[in-house]
Amino acid sequence: MINNEAQAESYDVQQNAVEFAGSTWKHTNSQWEGDRYVLVYFNIDFSQHDRWRGLHGPDHRTEEARAAPLLTRPVCTPIHTASIECVELRQQLLNHIHQVEFLNRPQLKYQNQKSEIILFGECTQPYHVKERHPCKGNDLYPALHALLKQYVDYIMQKPVSHTYSSILLAKNSKCNWHLDKQNVGSSVITALGDYTGGELLVNHMKSYPLFECLACHMKYLPLRSCRLEKNHTTPDWIPQVWEMVKSGKIVLDANTTTRKILKRVQKK
Ligand SMILES: [Zn+2]
């Protein structure tokens with residue numbers, strides 16, 4: 001098995017905004033003392049594709065995020081934590097965060113049952129067709145939502161808040177090594193609060209593909225046989241098919257599997 005502990009690099013998310021591919025790099029955090037508030041800006045997969053029918057009900061912004069060039073390693077942007085602007089922004093954020101009633105939701109990746117989280121932006125609803133729904137936090141804490149967006153634009157030194165569908169605010173969330181499989185593209189993670197320790201540990205050396213390659217997808221072979229048994233390293237099928245859709249090479253049709261459409265095109 002992969003020794004994540006040995007391969008991981010550690011990132012100080014209190015002093016940096018760290019961009020990383022949480023859906024394909026295993027990550028966790030180290031222990032800390034004090035109250036640690038993590039902010040994650042990320043994109044949720046809102047597309048309705050599935051292994052059997054193919055790329056159906058693609059969500060354009062999701063596919064654009066998936067098609068963006070992948071990071072090869074985490075990227076740190078140092079935060080000017082001593083600047084007046086930063087001190088004030090962080091203080092405002094903490095003032096608002098202290099008013100939040102966190103939703104306790106059991107999540108497998110968070111071993112500690114006391115993990116407290118709240119979401120802003122857009123999310124999916126369990127037991128519903130995948131589509132964009134406003135998160136609870138938007139209406140409950142609109143001023144905090146606005147501040148969270150302002151803060152990421154500040155720490156990234158460019159307007160990036162609109163490029164993420166969702167924001168996770170987590171209080172003292174301890175997690176095991178995990179992947180954020182419902183995410184696409186890269187995320188920004190940072191943290192604030194009066195705490196010590198709590199670095200982000202990322203193993204970017206071993207990247208986990210989320211989907212099988214196009215050749216295997218055409219043969220109904222699952223991810224496991226593609227990547228583990230056949231050791232295929234070619235790109236995931238979804239971005240490849242999306243590229244063909246965008247260039248007009250294929251036209252999706254709700255009643256036909258993507259495989260059938262692709263086979264028709266190949267015959268011509
Ligand atoms: Zn394959």
# chains A, B, ... in the order shown; residues from 1 in each chain; ligands from 1
$ residues_near_ligand --ligand "ligand 1" --cutoff "6 Å" --atoms "only C-alpha atoms and all ligand atoms" --output "PDB file with C-alpha atoms, in the first residue's frame"
ATOM      1  CA  GLU A 212     -11.062   4.888 -16.134  1.00  0.00           C
ATOM      2  CA  CYS A 213      -9.405   5.812 -19.439  1.00  0.00           C
ATOM      3  CA  ALA A 215     -10.468   2.900 -24.103  1.00  0.00           C
ATOM      4  CA  CYS A 216     -11.534   1.067 -20.945  1.00  0.00           C
ATOM      5  CA  CYS A 226      -8.057   0.036 -15.962  1.00  0.00           C
ATOM      6  CA  HIS A 232      -3.234   2.330 -17.721  1.00  0.00           C
TER       7      HIS A 232
END
$ select_by_dssp --residues "segment 104-186 of chain A" --states "helix (DSSP H, G or I)" --output "list in words"
Lys136, Gly137, Asn138, Asp139, Leu140, Pro142, Ala143, Leu144, His145, Ala146, Leu147, Leu148, Lys149, Gln150, Tyr151, Val152, Asp153, Tyr154, Ile155, Ser161, His162 and Thr163 of chain A
$ residues_around --residues "Pro58 of chain A" --least-positions-apart "6" --cutoff "8 Å" --atoms "only C-alpha atoms" --output "VMD selection string"
chain A and resid 46 to 49
$ residues_around --residues "Phe20 of chain A" --least-positions-apart "5" --cutoff "12 Å" --atoms "only C-alpha atoms" --output "number ranges by chain"
A: 9, 11, 13, 25-27, 40-42, 70-77, 179-180, 183-190, 200-204, 207
$ atom_distance --atom1 "atom CA of Lys246 of chain A" --atom2 "atom CA of His128 of chain A"
27.3 Å
$ select_by_dssp --residues "segment 109-143 of chain A" --states "strand (DSSP E or B)" --output "PyMOL selection string"
chain A and resi 116-123+133-134
$ write_last_selection --atoms "C-alpha atoms" --output "CSV table (one decimal), in the first residue's frame"
chain,number,residue,atom,x,y,z
A,116,GLU,CA,-18.3,21.0,12.9
A,117,ILE,CA,-18.9,22.3,9.4
A,118,ILE,CA,-21.0,24.7,7.4
A,119,LEU,CA,-21.2,25.2,3.6
A,120,PHE,CA,-21.6,28.3,1.5
A,121,GLY,CA,-22.2,28.7,-2.2
A,122,GLU,CA,-23.7,25.9,-4.1
A,123,CYS,CA,-24.1,22.2,-3.2
A,133,HIS,CA,-28.7,24.2,-4.9
A,134,PRO,CA,-27.9,27.1,-2.7
$ closest_residue --among "A:Asp194, A:Arg51, A:His60, A:Asn43" --to "Gly22 of chain A" --atoms "only C-alpha atoms"
A:Asn43
$ residues_around --residues "Asp153 of chain A" --least-positions-apart "3" --cutoff "12 Å" --atoms "only C-alpha atoms" --output "MDAnalysis selection string"
chainID A and resid 17 41 77 79 86 89 146:150 156:164 188
$ closest_atom_pairs --of "segment 63-169 of chain A" --to "segment 236-239 of chain A" --cutoff "8 Å" --atoms "only C-alpha atoms" --output "tab-separated table"
residue	atom	partner	partner_atom	distance
A:Glu63	CA	A:Pro239	CA	7.0
A:Arg66	CA	A:Pro239	CA	6.5
A:Ala67	CA	A:Pro239	CA	5.5
$ write_last_selection --atoms "C-alpha atoms" --output "PDB file, in the first residue's frame"
ATOM      1  CA  GLU A  63     -16.586  20.184 -16.972  1.00  0.00           C
ATOM      2  CA  ARG A  66     -12.297  19.350 -14.810  1.00  0.00           C
ATOM      3  CA  ALA A  67     -10.703  20.252 -18.132  1.00  0.00           C
TER       4      ALA A  67
END
